[in-house]
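This is data_34.cif. It holds mmCIF, C-alpha atoms.
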```
data_run
#
loop_
_atom_site.group_PDB
_atom_site.id
_atom_site.type_symbol
_atom_site.label_atom_id
_atom_site.label_comp_id
_atom_site.auth_asym_id
_atom_site.auth_seq_id
_atom_site.Cartn_x
_atom_site.Cartn_y
_atom_site.Cartn_z
ATOM 1 C CA MET A 1 6.413 -40.669 -22.444
ATOM 2 C CA THR A 2 7.464 -39.406 -19.020
ATOM 3 C CA ALA A 3 10.037 -37.024 -20.492
ATOM 4 C CA THR A 4 7.396 -35.593 -22.836
ATOM 5 C CA LYS A 5 5.002 -35.013 -19.937
ATOM 6 C CA VAL A 6 7.694 -33.254 -17.912
ATOM 7 C CA SER A 7 8.579 -31.054 -20.869
ATOM 8 C CA GLU A 8 4.930 -30.080 -21.355
ATOM 9 C CA ALA A 9 4.547 -29.342 -17.651
ATOM 10 C CA GLU A 10 7.643 -27.173 -17.644
ATOM 11 C CA ARG A 11 6.454 -25.200 -20.650
ATOM 12 C CA ASP A 12 3.075 -24.662 -18.996
ATOM 13 C CA ALA A 13 4.437 -23.834 -15.527
ATOM 14 C CA TRP A 14 4.578 -20.095 -16.221
ATOM 15 C CA PRO A 15 1.202 -19.447 -17.917
ATOM 16 C CA ALA A 16 0.312 -16.414 -19.976
ATOM 17 C CA LEU A 17 -1.755 -13.834 -18.087
ATOM 18 C CA PRO A 18 -2.751 -11.044 -20.499
ATOM 19 C CA TYR A 19 -3.816 -8.051 -18.427
ATOM 20 C CA PHE A 20 -6.703 -6.790 -20.558
ATOM 21 C CA ALA A 21 -8.150 -10.269 -21.154
ATOM 22 C CA TRP A 22 -8.614 -11.014 -17.463
ATOM 23 C CA ARG A 23 -8.869 -7.496 -16.008
ATOM 24 C CA GLU A 24 -12.535 -7.821 -14.982
ATOM 25 C CA THR A 25 -11.937 -11.172 -13.261
ATOM 26 C CA TYR A 26 -8.852 -9.668 -11.628
ATOM 27 C CA THR A 27 -10.888 -6.788 -10.160
ATOM 28 C CA THR A 28 -13.621 -9.079 -8.848
ATOM 29 C CA LEU A 29 -11.127 -11.509 -7.363
ATOM 30 C CA HIS A 30 -9.233 -8.620 -5.766
ATOM 31 C CA LEU A 31 -12.425 -7.590 -3.958
ATOM 32 C CA TRP A 32 -13.262 -11.169 -2.923
ATOM 33 C CA THR A 33 -9.789 -11.659 -1.430
ATOM 34 C CA GLN A 34 -10.211 -8.391 0.466
ATOM 35 C CA ILE A 35 -13.390 -9.700 2.088
ATOM 36 C CA VAL A 36 -11.673 -12.930 3.143
ATOM 37 C CA GLY A 37 -8.519 -11.123 4.231
ATOM 38 C CA LYS A 38 -10.487 -8.668 6.355
ATOM 39 C CA ILE A 39 -12.020 -11.600 8.236
ATOM 40 C CA ARG A 40 -8.530 -12.646 9.275
ATOM 41 C CA LEU A 41 -7.656 -9.025 10.059
ATOM 42 C CA SER A 42 -10.695 -8.593 12.307
ATOM 43 C CA LEU A 43 -9.822 -11.591 14.509
ATOM 44 C CA THR A 44 -6.011 -11.607 14.622
ATOM 45 C CA PRO A 45 -3.729 -9.615 16.973
ATOM 46 C CA TRP A 46 -1.529 -7.107 15.189
ATOM 47 C CA GLN A 47 1.799 -8.442 13.990
ATOM 48 C CA ASN A 48 4.704 -6.304 12.859
ATOM 49 C CA HIS A 49 4.401 -4.878 9.333
ATOM 50 C CA SER A 50 0.813 -6.201 8.973
ATOM 51 C CA TRP A 51 2.049 -9.755 8.474
ATOM 52 C CA HIS A 52 -1.048 -11.008 10.304
ATOM 53 C CA VAL A 53 -3.398 -10.040 7.452
ATOM 54 C CA ALA A 54 -1.740 -11.817 4.535
ATOM 55 C CA LEU A 55 -2.879 -14.882 2.592
ATOM 56 C CA TYR A 56 -0.570 -17.717 1.543
ATOM 57 C CA VAL A 57 -0.142 -19.729 -1.651
ATOM 58 C CA THR A 58 -1.263 -23.366 -1.417
ATOM 59 C CA THR A 59 -1.314 -26.403 -3.703
ATOM 60 C CA ARG A 60 -4.813 -25.373 -4.788
ATOM 61 C CA GLY A 61 -5.047 -21.609 -4.346
ATOM 62 C CA LEU A 62 -4.769 -19.163 -1.454
ATOM 63 C CA THR A 63 -5.414 -19.616 2.265
ATOM 64 C CA THR A 64 -5.885 -17.519 5.361
ATOM 65 C CA SER A 65 -4.122 -20.260 7.386
ATOM 66 C CA PRO A 66 -5.829 -21.101 10.734
ATOM 67 C CA ILE A 67 -7.652 -18.170 12.353
ATOM 68 C CA ALA A 68 -8.218 -18.414 16.109
ATOM 69 C CA TYR A 69 -11.849 -18.022 17.180
ATOM 70 C CA ASP A 70 -12.336 -18.394 20.928
ATOM 71 C CA ALA A 71 -10.850 -21.827 21.732
ATOM 72 C CA ARG A 72 -11.465 -22.988 18.173
ATOM 73 C CA ALA A 73 -9.930 -22.230 14.795
ATOM 74 C CA PHE A 74 -11.182 -21.963 11.236
ATOM 75 C CA GLN A 75 -9.603 -21.471 7.841
ATOM 76 C CA ILE A 76 -10.817 -20.082 4.519
ATOM 77 C CA ASP A 77 -9.290 -21.342 1.282
ATOM 78 C CA PHE A 78 -9.661 -20.250 -2.322
ATOM 79 C CA ASP A 79 -9.461 -23.392 -4.467
ATOM 80 C CA PHE A 80 -8.658 -22.435 -8.061
ATOM 81 C CA ILE A 81 -8.700 -26.029 -9.287
ATOM 82 C CA ASP A 82 -12.245 -26.960 -8.258
ATOM 83 C CA HIS A 83 -13.224 -23.259 -8.095
ATOM 84 C CA VAL A 84 -14.729 -23.255 -4.640
ATOM 85 C CA LEU A 85 -14.238 -21.226 -1.484
ATOM 86 C CA ARG A 86 -13.810 -23.752 1.322
ATOM 87 C CA ILE A 87 -14.293 -23.030 5.033
ATOM 88 C CA THR A 88 -13.036 -25.652 7.483
ATOM 89 C CA THR A 89 -13.004 -25.648 11.267
ATOM 90 C CA SER A 90 -11.010 -27.345 14.027
ATOM 91 C CA TYR A 91 -14.203 -28.945 15.323
ATOM 92 C CA GLY A 92 -15.001 -30.744 12.064
ATOM 93 C CA GLY A 93 -17.332 -28.262 10.409
ATOM 94 C CA GLU A 94 -16.955 -27.632 6.682
ATOM 95 C CA ARG A 95 -18.801 -25.606 4.063
ATOM 96 C CA GLN A 96 -17.993 -24.504 0.541
ATOM 97 C CA MET A 97 -19.200 -21.935 -1.948
ATOM 98 C CA GLN A 98 -18.843 -22.058 -5.709
ATOM 99 C CA LEU A 99 -16.445 -19.546 -7.229
ATOM 100 C CA GLN A 100 -18.411 -18.360 -10.233
ATOM 101 C CA SER A 101 -19.624 -15.148 -11.802
ATOM 102 C CA GLN A 102 -21.492 -13.324 -9.033
ATOM 103 C CA THR A 103 -21.533 -9.817 -7.677
ATOM 104 C CA VAL A 104 -19.263 -8.790 -4.843
ATOM 105 C CA ALA A 105 -22.408 -8.070 -2.798
ATOM 106 C CA ASP A 106 -23.716 -11.617 -3.341
ATOM 107 C CA PHE A 107 -20.323 -13.168 -2.515
ATOM 108 C CA PHE A 108 -20.192 -11.073 0.671
ATOM 109 C CA ALA A 109 -23.704 -12.058 1.792
ATOM 110 C CA HIS A 110 -23.228 -15.750 0.993
ATOM 111 C CA LEU A 111 -19.879 -15.939 2.803
ATOM 112 C CA PHE A 112 -21.152 -14.352 6.002
ATOM 113 C CA SER A 113 -24.312 -16.446 6.083
ATOM 114 C CA THR A 114 -22.130 -19.538 5.630
ATOM 115 C CA LEU A 115 -19.898 -18.486 8.517
ATOM 116 C CA GLU A 116 -22.992 -18.072 10.685
ATOM 117 C CA GLU A 117 -24.014 -21.652 9.841
ATOM 118 C CA LEU A 118 -20.686 -22.669 11.401
ATOM 119 C CA ASN A 119 -21.398 -20.495 14.475
ATOM 120 C CA ILE A 120 -18.737 -17.977 13.486
ATOM 121 C CA CYS A 121 -19.892 -14.398 13.979
ATOM 122 C CA VAL A 122 -17.530 -11.751 12.658
ATOM 123 C CA HIS A 123 -17.812 -8.155 11.444
ATOM 124 C CA ILE A 124 -15.482 -6.386 9.028
ATOM 125 C CA ASN A 125 -14.960 -2.896 7.655
ATOM 126 C CA GLU A 126 -16.779 -3.081 4.320
ATOM 127 C CA HIS A 127 -14.706 -0.428 2.564
ATOM 128 C CA PRO A 128 -12.027 -1.871 0.256
ATOM 129 C CA ASN A 129 -8.443 -0.846 1.007
ATOM 130 C CA GLU A 130 -5.927 0.603 -1.442
ATOM 131 C CA MET A 131 -8.595 0.922 -4.149
ATOM 132 C CA PRO A 132 -9.762 4.471 -4.918
ATOM 133 C CA ASP A 133 -13.501 5.114 -5.284
ATOM 134 C CA ALA A 134 -14.489 1.530 -4.449
ATOM 135 C CA LEU A 135 -17.983 0.719 -3.181
ATOM 136 C CA PRO A 136 -18.642 -1.022 0.156
ATOM 137 C CA PHE A 137 -18.744 -4.776 -0.433
ATOM 138 C CA SER A 138 -22.443 -5.204 0.385
ATOM 139 C CA MET A 139 -23.339 -2.493 -2.150
ATOM 140 C CA ASP A 140 -21.110 -3.580 -5.030
ATOM 141 C CA ARG A 141 -23.321 -5.051 -7.737
ATOM 142 C CA ILE A 142 -20.992 -3.863 -10.495
ATOM 143 C CA HIS A 143 -18.085 -6.281 -10.265
ATOM 144 C CA SER A 144 -19.133 -9.860 -10.955
ATOM 145 C CA ALA A 145 -16.770 -11.400 -13.537
ATOM 146 C CA TYR A 146 -15.078 -14.727 -12.830
ATOM 147 C CA ASP A 147 -13.246 -16.586 -15.585
ATOM 148 C CA PRO A 148 -12.055 -19.887 -14.082
ATOM 149 C CA VAL A 149 -9.364 -20.335 -16.724
ATOM 150 C CA TYR A 150 -7.672 -17.032 -15.872
ATOM 151 C CA ALA A 151 -8.179 -17.505 -12.124
ATOM 152 C CA ASN A 152 -6.359 -20.823 -12.463
ATOM 153 C CA CYS A 153 -3.587 -19.243 -14.563
ATOM 154 C CA PHE A 154 -3.094 -16.549 -11.947
ATOM 155 C CA TRP A 155 -2.777 -19.110 -9.160
ATOM 156 C CA ARG A 156 -0.357 -21.287 -11.180
ATOM 157 C CA LEU A 157 1.789 -18.214 -11.754
ATOM 158 C CA LEU A 158 1.757 -17.514 -7.995
ATOM 159 C CA VAL A 159 2.916 -21.080 -7.303
ATOM 160 C CA GLN A 160 6.020 -20.464 -9.424
ATOM 161 C CA ALA A 161 6.703 -16.999 -8.019
ATOM 162 C CA ASP A 162 6.216 -18.287 -4.457
ATOM 163 C CA ARG A 163 8.729 -21.071 -5.094
ATOM 164 C CA VAL A 164 11.426 -18.797 -6.517
ATOM 165 C CA PHE A 165 10.868 -16.097 -3.868
ATOM 166 C CA LYS A 166 11.424 -18.756 -1.198
ATOM 167 C CA ILE A 167 14.709 -19.762 -2.822
ATOM 168 C CA PHE A 168 15.773 -16.106 -2.868
ATOM 169 C CA ARG A 169 14.795 -15.738 0.801
ATOM 170 C CA THR A 170 17.326 -18.427 1.817
ATOM 171 C CA GLY A 171 20.222 -16.110 0.921
ATOM 172 C CA PHE A 172 19.561 -13.682 3.778
ATOM 173 C CA ILE A 173 20.341 -14.127 7.488
ATOM 174 C CA GLY A 174 18.794 -10.872 8.670
ATOM 175 C CA LYS A 175 15.125 -10.249 9.360
ATOM 176 C CA ALA A 176 12.968 -11.203 6.379
ATOM 177 C CA SER A 177 9.235 -11.540 5.882
ATOM 178 C CA PRO A 178 7.484 -14.739 4.892
ATOM 179 C CA VAL A 179 6.515 -14.963 1.243
ATOM 180 C CA HIS A 180 2.905 -13.854 1.480
ATOM 181 C CA PHE A 181 0.018 -12.409 -0.509
ATOM 182 C CA PHE A 182 -1.313 -8.979 0.429
ATOM 183 C CA TRP A 183 -4.961 -8.649 -0.551
ATOM 184 C CA GLY A 184 -4.927 -4.852 -0.238
ATOM 185 C CA SER A 185 -2.481 -4.367 -3.091
ATOM 186 C CA PHE A 186 -3.138 -7.839 -4.579
ATOM 187 C CA ASP A 187 0.506 -8.836 -4.778
ATOM 188 C CA LEU A 188 2.811 -11.615 -3.634
ATOM 189 C CA ALA A 189 5.735 -10.147 -1.706
ATOM 190 C CA VAL A 190 8.927 -10.913 0.207
ATOM 191 C CA THR A 191 10.808 -8.237 2.160
ATOM 192 C CA ARG A 192 14.324 -7.928 3.580
ATOM 193 C CA PHE A 193 15.258 -5.583 6.434
ATOM 194 C CA SER A 194 18.560 -3.838 7.093
ATOM 195 C CA GLY A 195 17.904 -3.792 10.852
ATOM 196 C CA ARG A 196 17.777 0.012 11.032
ATOM 197 C CA ARG A 197 14.842 2.297 11.701
ATOM 198 C CA ALA A 198 13.410 4.125 8.682
ATOM 199 C CA PRO A 199 12.305 7.756 8.408
ATOM 200 C CA ARG A 200 8.628 8.338 9.199
ATOM 201 C CA HIS A 201 6.578 7.329 6.154
ATOM 202 C CA PRO A 202 4.447 10.176 4.740
ATOM 203 C CA GLY A 203 1.413 7.910 4.284
ATOM 204 C CA GLY A 204 -1.101 8.855 1.611
ATOM 205 C CA VAL A 205 -1.946 5.350 0.326
ATOM 206 C CA PRO A 206 -5.566 5.395 -0.978
ATOM 207 C CA ASN A 207 -8.035 4.028 1.573
ATOM 208 C CA LEU A 208 -5.356 2.868 3.987
ATOM 209 C CA ALA A 209 -4.798 4.530 7.344
ATOM 210 C CA ASP A 210 -1.500 6.402 7.611
ATOM 211 C CA ALA A 211 -0.867 4.665 10.938
ATOM 212 C CA VAL A 212 -0.927 1.293 9.142
ATOM 213 C CA VAL A 213 1.479 2.467 6.447
ATOM 214 C CA ARG A 214 3.864 4.003 8.982
ATOM 215 C CA GLU A 215 3.941 0.819 11.039
ATOM 216 C CA ALA A 216 4.550 -1.264 7.905
ATOM 217 C CA TYR A 217 7.529 0.911 6.940
ATOM 218 C CA SER A 218 8.913 1.548 10.413
ATOM 219 C CA HIS A 219 12.211 -0.077 9.404
ATOM 220 C CA GLU A 220 14.429 0.130 6.328
ATOM 221 C CA VAL A 221 13.469 -2.409 3.650
ATOM 222 C CA SER A 222 14.183 -3.874 0.266
ATOM 223 C CA SER A 223 10.958 -5.454 -0.951
ATOM 224 C CA ALA A 224 10.201 -7.493 -4.061
ATOM 225 C CA GLY A 225 7.101 -9.133 -5.392
ATOM 226 C CA PHE A 226 4.716 -9.983 -8.202
ATOM 227 C CA TRP A 227 1.743 -7.849 -9.232
ATOM 228 C CA PRO A 228 -0.815 -8.457 -12.042
ATOM 229 C CA GLY A 229 -0.510 -4.834 -13.185
ATOM 230 C CA GLY A 230 -2.586 -1.675 -13.288
ATOM 231 C CA GLY A 231 -2.413 2.008 -14.123
ATOM 232 C CA SER A 232 0.721 2.854 -16.085
ATOM 233 C CA ILE A 233 1.877 -0.790 -15.893
ATOM 234 C CA ASP A 234 -0.781 -2.539 -17.973
ATOM 235 C CA PHE A 235 0.920 -5.935 -17.845
ATOM 236 C CA PRO A 236 1.822 -8.434 -15.109
ATOM 237 C CA ALA A 237 5.227 -7.718 -13.609
ATOM 238 C CA PHE A 238 7.736 -8.431 -10.907
ATOM 239 C CA TYR A 239 8.780 -5.380 -8.901
ATOM 240 C CA SER A 240 11.419 -4.312 -6.399
ATOM 241 C CA TYR A 241 11.614 -1.138 -4.327
ATOM 242 C CA ALA A 242 13.451 0.291 -1.344
ATOM 243 C CA TYR A 243 12.186 2.343 1.564
ATOM 244 C CA PRO A 244 13.730 4.740 2.034
ATOM 245 C CA ALA A 245 15.072 4.923 -1.525
ATOM 246 C CA ARG A 246 18.573 6.331 -1.099
ATOM 247 C CA PRO A 247 20.256 8.524 -3.760
ATOM 248 C CA GLY A 248 21.502 6.440 -6.655
ATOM 249 C CA PHE A 249 19.079 3.567 -6.148
ATOM 250 C CA ASP A 250 17.041 4.395 -9.245
ATOM 251 C CA ARG A 251 20.164 4.585 -11.437
ATOM 252 C CA ALA A 252 21.701 1.277 -10.380
ATOM 253 C CA PRO A 253 22.338 -1.277 -13.127
ATOM 254 C CA VAL A 254 20.006 -4.257 -12.706
ATOM 255 C CA ALA A 255 19.409 -7.524 -14.548
ATOM 256 C CA PRO A 256 18.072 -9.023 -16.746
ATOM 257 C CA ASP A 257 17.710 -7.044 -19.969
ATOM 258 C CA GLY A 258 14.249 -5.524 -20.064
ATOM 259 C CA ALA A 259 14.101 -4.590 -16.377
ATOM 260 C CA PHE A 260 13.643 -0.862 -15.829
ATOM 261 C CA PHE A 261 12.976 1.746 -13.156
ATOM 262 C CA SER A 262 9.450 3.177 -13.233
ATOM 263 C CA GLN A 263 9.449 6.853 -12.301
ATOM 264 C CA ASP A 264 5.669 6.643 -11.735
ATOM 265 C CA LEU A 265 5.898 3.784 -9.225
ATOM 266 C CA LYS A 266 9.409 4.567 -7.923
ATOM 267 C CA GLU A 267 10.414 0.922 -8.214
ATOM 268 C CA PHE A 268 12.177 -1.462 -10.558
ATOM 269 C CA ILE A 269 9.893 -3.423 -12.896
ATOM 270 C CA LEU A 270 10.504 -6.684 -14.751
ATOM 271 C CA PRO A 271 7.672 -7.601 -17.153
ATOM 272 C CA TYR A 272 6.408 -11.084 -16.362
ATOM 273 C CA ASP A 273 6.582 -12.166 -19.993
ATOM 274 C CA ILE A 274 10.375 -11.761 -19.947
ATOM 275 C CA VAL A 275 10.533 -14.409 -17.221
ATOM 276 C CA ARG A 276 7.849 -16.589 -18.809
ATOM 277 C CA LYS A 277 9.610 -16.691 -22.177
ATOM 278 C CA ALA A 278 13.154 -17.023 -20.821
ATOM 279 C CA GLU A 279 15.134 -20.208 -21.456
ATOM 280 C CA HIS A 280 15.697 -20.424 -17.693
ATOM 281 C CA PRO A 281 12.837 -18.589 -15.936
ATOM 282 C CA ASP A 282 14.044 -19.291 -12.378
ATOM 283 C CA ALA A 283 17.523 -17.951 -13.027
ATOM 284 C CA THR A 284 16.130 -14.925 -14.862
ATOM 285 C CA LEU A 285 13.867 -13.997 -11.956
ATOM 286 C CA LEU A 286 16.612 -14.623 -9.383
ATOM 287 C CA ARG A 287 18.913 -12.223 -11.249
ATOM 288 C CA PHE A 288 16.273 -9.525 -10.985
ATOM 289 C CA LEU A 289 15.650 -10.167 -7.295
ATOM 290 C CA GLN A 290 19.344 -10.216 -6.415
ATOM 291 C CA SER A 291 20.442 -7.249 -8.518
ATOM 292 C CA THR A 292 17.644 -4.972 -7.292
ATOM 293 C CA TYR A 293 18.287 -6.004 -3.675
ATOM 294 C CA GLU A 294 21.978 -5.163 -4.175
ATOM 295 C CA ALA A 295 20.962 -1.780 -5.603
ATOM 296 C CA ALA A 296 18.978 -1.029 -2.433
ATOM 297 C CA ALA A 297 21.585 -2.441 -0.047
ATOM 298 C CA ASP A 298 24.526 -0.677 -1.667
ATOM 299 C CA ALA A 299 22.740 2.672 -1.953
ATOM 300 C CA GLY A 300 21.616 2.364 1.669
ATOM 301 C CA GLY A 301 24.951 1.204 3.060
ATOM 302 C CA TRP A 302 23.590 -2.053 4.478
ATOM 303 C CA ASP A 303 25.999 -4.349 6.334
ATOM 304 C CA ARG A 304 25.817 -6.950 3.591
ATOM 305 C CA ALA A 305 28.576 -9.157 5.004
ATOM 306 C CA ALA A 306 26.580 -9.615 8.214
ATOM 307 C CA LEU A 307 23.184 -10.018 6.528
ATOM 308 C CA GLU A 308 23.816 -12.307 3.552
ATOM 309 C CA CYS A 309 24.674 -15.978 3.037
ATOM 310 C CA PRO A 310 24.737 -18.343 0.059
ATOM 311 C CA LEU A 311 21.417 -19.656 -1.225
ATOM 312 C CA GLY A 312 20.258 -22.714 0.682
ATOM 313 C CA HIS A 313 20.414 -26.302 -0.539
ATOM 314 C CA VAL A 314 18.078 -29.157 0.383
ATOM 315 C CA GLY A 315 19.337 -31.094 3.406
ATOM 316 C CA VAL A 316 22.529 -29.048 3.815
ATOM 317 C CA PRO A 317 22.843 -26.938 7.005
ATOM 318 C CA ARG A 318 24.236 -23.452 6.517
ATOM 319 C CA PRO A 319 27.947 -23.595 7.457
ATOM 320 C CA VAL A 320 28.904 -21.396 10.407
ATOM 321 C CA GLN A 321 32.515 -20.325 10.851
ATOM 322 C CA GLY A 322 34.327 -20.264 14.201
#
```
Once you've parsed the file, please lay out its structure as structure tokens.
Amino acid sequence: MTATKVSEAERDAWPALPYFAWRETYTTLHLWTQIVGKIRLSLTPWQNHSWHVALYVTTRGLTTSPIAYDARAFQIDFDFIDHVLRITTSYGGERQMQLQSQTVADFFAHLFSTLEELNICVHINEHPNEMPDALPFSMDRIHSAYDPVYANCFWRLLVQADRVFKIFRTGFIGKASPVHFFWGSFDLAVTRFSGRRAPRHPGGVPNLADAVVREAYSHEVSSAGFWPGGGSIDFPAFYSYAYPARPGFDRAPVAPDGAFFSQDLKEFILPYDIVRKAEHPDATLLRFLQSTYEAAADAGGWDRAALECPLGHVGVPRPVQG
């Protein structure tokens, strides 16, 4: 019986997430996470590469992690099991809102009135980032879809991606980001740094200040992540890009079969369904992450011997020579 349950769990660990079936929920949820993320942004000192704004995957959804507020702290969590937005404070206060079909404007108003009940007064920029032609949150009565089944599938997918990204992160000694969720672009990401300064970024990201983009890409990177799709990529996918992208990067051979370089996005793409349907999903995704990182590092002349180490093992310290 136990073996059967494990087998079923393993088969269901990487759920299907058809882009067109959940696209409306995806858009609404993207806007809701922006509202919550901007609350963290408005109260948190700037950290390099905008790491202070990100959300994190939890055992139930996504979290801001603790946000300092005067001498107190509070936290906002999306719970995609019970489908609630939960606000907790360091002084024992707690409130929750149902995650259900409702307009972005209603979600915005309800959230801020709930914060006020907890004596938390905060103001945010209401204009969505990285989304062209989007309405201010308090005026958006267009986007209101919320399918709890697909919201749950999305979170379960993030749990798996988060786990594998963290394994991949152990193979790098140099500066590397946490595995974190950026609400602006609605993607889970992990980034490695060569240690060298990068050329000034040209900016031009829709509804994102050039100063923010230039600070984020102040140093040379190889970045990978998961994205639900959009535009020319109308399917969920893993991605990997380099900044700056050195000559030859886009022509490098990468694994597994089915991965390709998108000329529109200027990054390598691995359709999620290739990982989901693979006999060994973890190994398949790790091959993509490693091979695309090597493409960036080799094209950029990174000091790989000084920056890399074997993948980590539970309870085993990394051996140090000399």
Given the PyMOL selection byres ((chain A and resi 10-21) around 8), the residues it picks as a CSV table (one decimal) with C-alpha atoms, in the coordinates of the input:
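Writing the result to selection_11.csv gives the following:
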```
chain,number,residue,atom,x,y,z
A,6,VAL,CA,7.7,-33.3,-17.9
A,7,SER,CA,8.6,-31.1,-20.9
A,8,GLU,CA,4.9,-30.1,-21.4
A,9,ALA,CA,4.5,-29.3,-17.7
A,22,TRP,CA,-8.6,-11.0,-17.5
A,23,ARG,CA,-8.9,-7.5,-16.0
A,24,GLU,CA,-12.5,-7.8,-15.0
A,150,TYR,CA,-7.7,-17.0,-15.9
A,153,CYS,CA,-3.6,-19.2,-14.6
A,154,PHE,CA,-3.1,-16.5,-11.9
A,156,ARG,CA,-0.4,-21.3,-11.2
A,157,LEU,CA,1.8,-18.2,-11.8
A,160,GLN,CA,6.0,-20.5,-9.4
A,228,PRO,CA,-0.8,-8.5,-12.0
A,229,GLY,CA,-0.5,-4.8,-13.2
A,234,ASP,CA,-0.8,-2.5,-18.0
A,235,PHE,CA,0.9,-5.9,-17.8
A,236,PRO,CA,1.8,-8.4,-15.1
A,273,ASP,CA,6.6,-12.2,-20.0
A,276,ARG,CA,7.8,-16.6,-18.8
```
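For stretch 64-78 of chain A, the non-local neighbours within 8 Å, defined as residues at least 3 positions apart in the same chain or in other chains and counting all atoms listed in the file, are Val36, Gly37, Arg40, Leu43, Thr44, Ala54, Leu55, Tyr56, Arg60, Gly61, His83, Val84, Leu85, Arg86, Ile87, Thr88, Thr89, Ser90, Tyr91 and Ile120 of chain A.
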Notebook entry, point to check: Using all atoms listed in the file, which of the listed residues (A:Thr103, A:Ser42, A:Ser177, A:Ser144) sits closest to A:Val122?
Noted result: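 Smallest separation from A:Val122 among the options: A:Ser42.
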Item checked: Resolved residues for the PyMOL selection byres ((chain A and resi 164) around 12) as an NGL selection string -> :A and (14 or 157-163 or 165-171 or 179 or 188-190 or 224-226 or 238 or 275 or 281-290 or 311)
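Atom CA of A:Thr27 is positioned 12.5 Å from atom CA of A:Glu130.
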Next item on the list: Might you spell out which residues the PyMOL selection byres ((chain A and resi 50) around 12) would select in the displayed file, as a VMD selection string?
Entry: chain A and resid 37 to 38 40 to 41 44 to 49 51 to 55 177 to 178 180 to 184 211 to 218
Margin query: My list of candidates is A:Thr292, A:Thr59, A:Thr114, A:Thr25. Which is closest to A:Ser101 when distances are computed with all atoms listed in the file?
Written below: A:Thr25
Note to self: Can you tell me which residues surround A:Thr191 at a distance of at most 6 Å, considering only C-alpha atoms, apart from same-chain residues fewer than 3 positions away, and format the answer as JSON, numbers by chain?
What the structure shows: {"A": [176, 177, 222, 223]}
Limited to C-alpha atoms, could you put the picked residues into a file as a short mmCIF file (atom, residue, chain, number, x, y, z; two decimals), in the coordinates of the input?
```cif
data_model
loop_
_atom_site.label_atom_id
_atom_site.label_comp_id
_atom_site.auth_asym_id
_atom_site.auth_seq_id
_atom_site.Cartn_x
_atom_site.Cartn_y
_atom_site.Cartn_z
CA ALA A 176 12.97 -11.20 6.38
CA SER A 177 9.24 -11.54 5.88
CA SER A 222 14.18 -3.87 0.27
CA SER A 223 10.96 -5.45 -0.95
#
```
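Taking atom CA of A:Met139 as the reference point, atom CA of A:Gly231 is found at 24.5 Å.
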Next item on the list: Write out as JSON, numbers by chain the residues lying within 8 Å of A:Gln100, counting all atoms listed in the file and excluding same-chain residues fewer than 3 positions away.
Entry: {"A": [83, 145, 146, 147, 148]}
Check: So how many Å separate atom CA of A:Asp133 and atom CA of A:Val205, to one decimal?
Finding: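 If I compute the distance from atom CA of A:Asp133 to atom CA of A:Val205, I get 12.8 Å.
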Axis-aligned box for stretch 198-206 of chain A, 8 Å per side, centre and edges in Å as JSON:
```
{"center_x": 3.9, "center_y": 7.2, "center_z": 4.1, "size_x": 35.0, "size_y": 22.1, "size_z": 26.2}
```
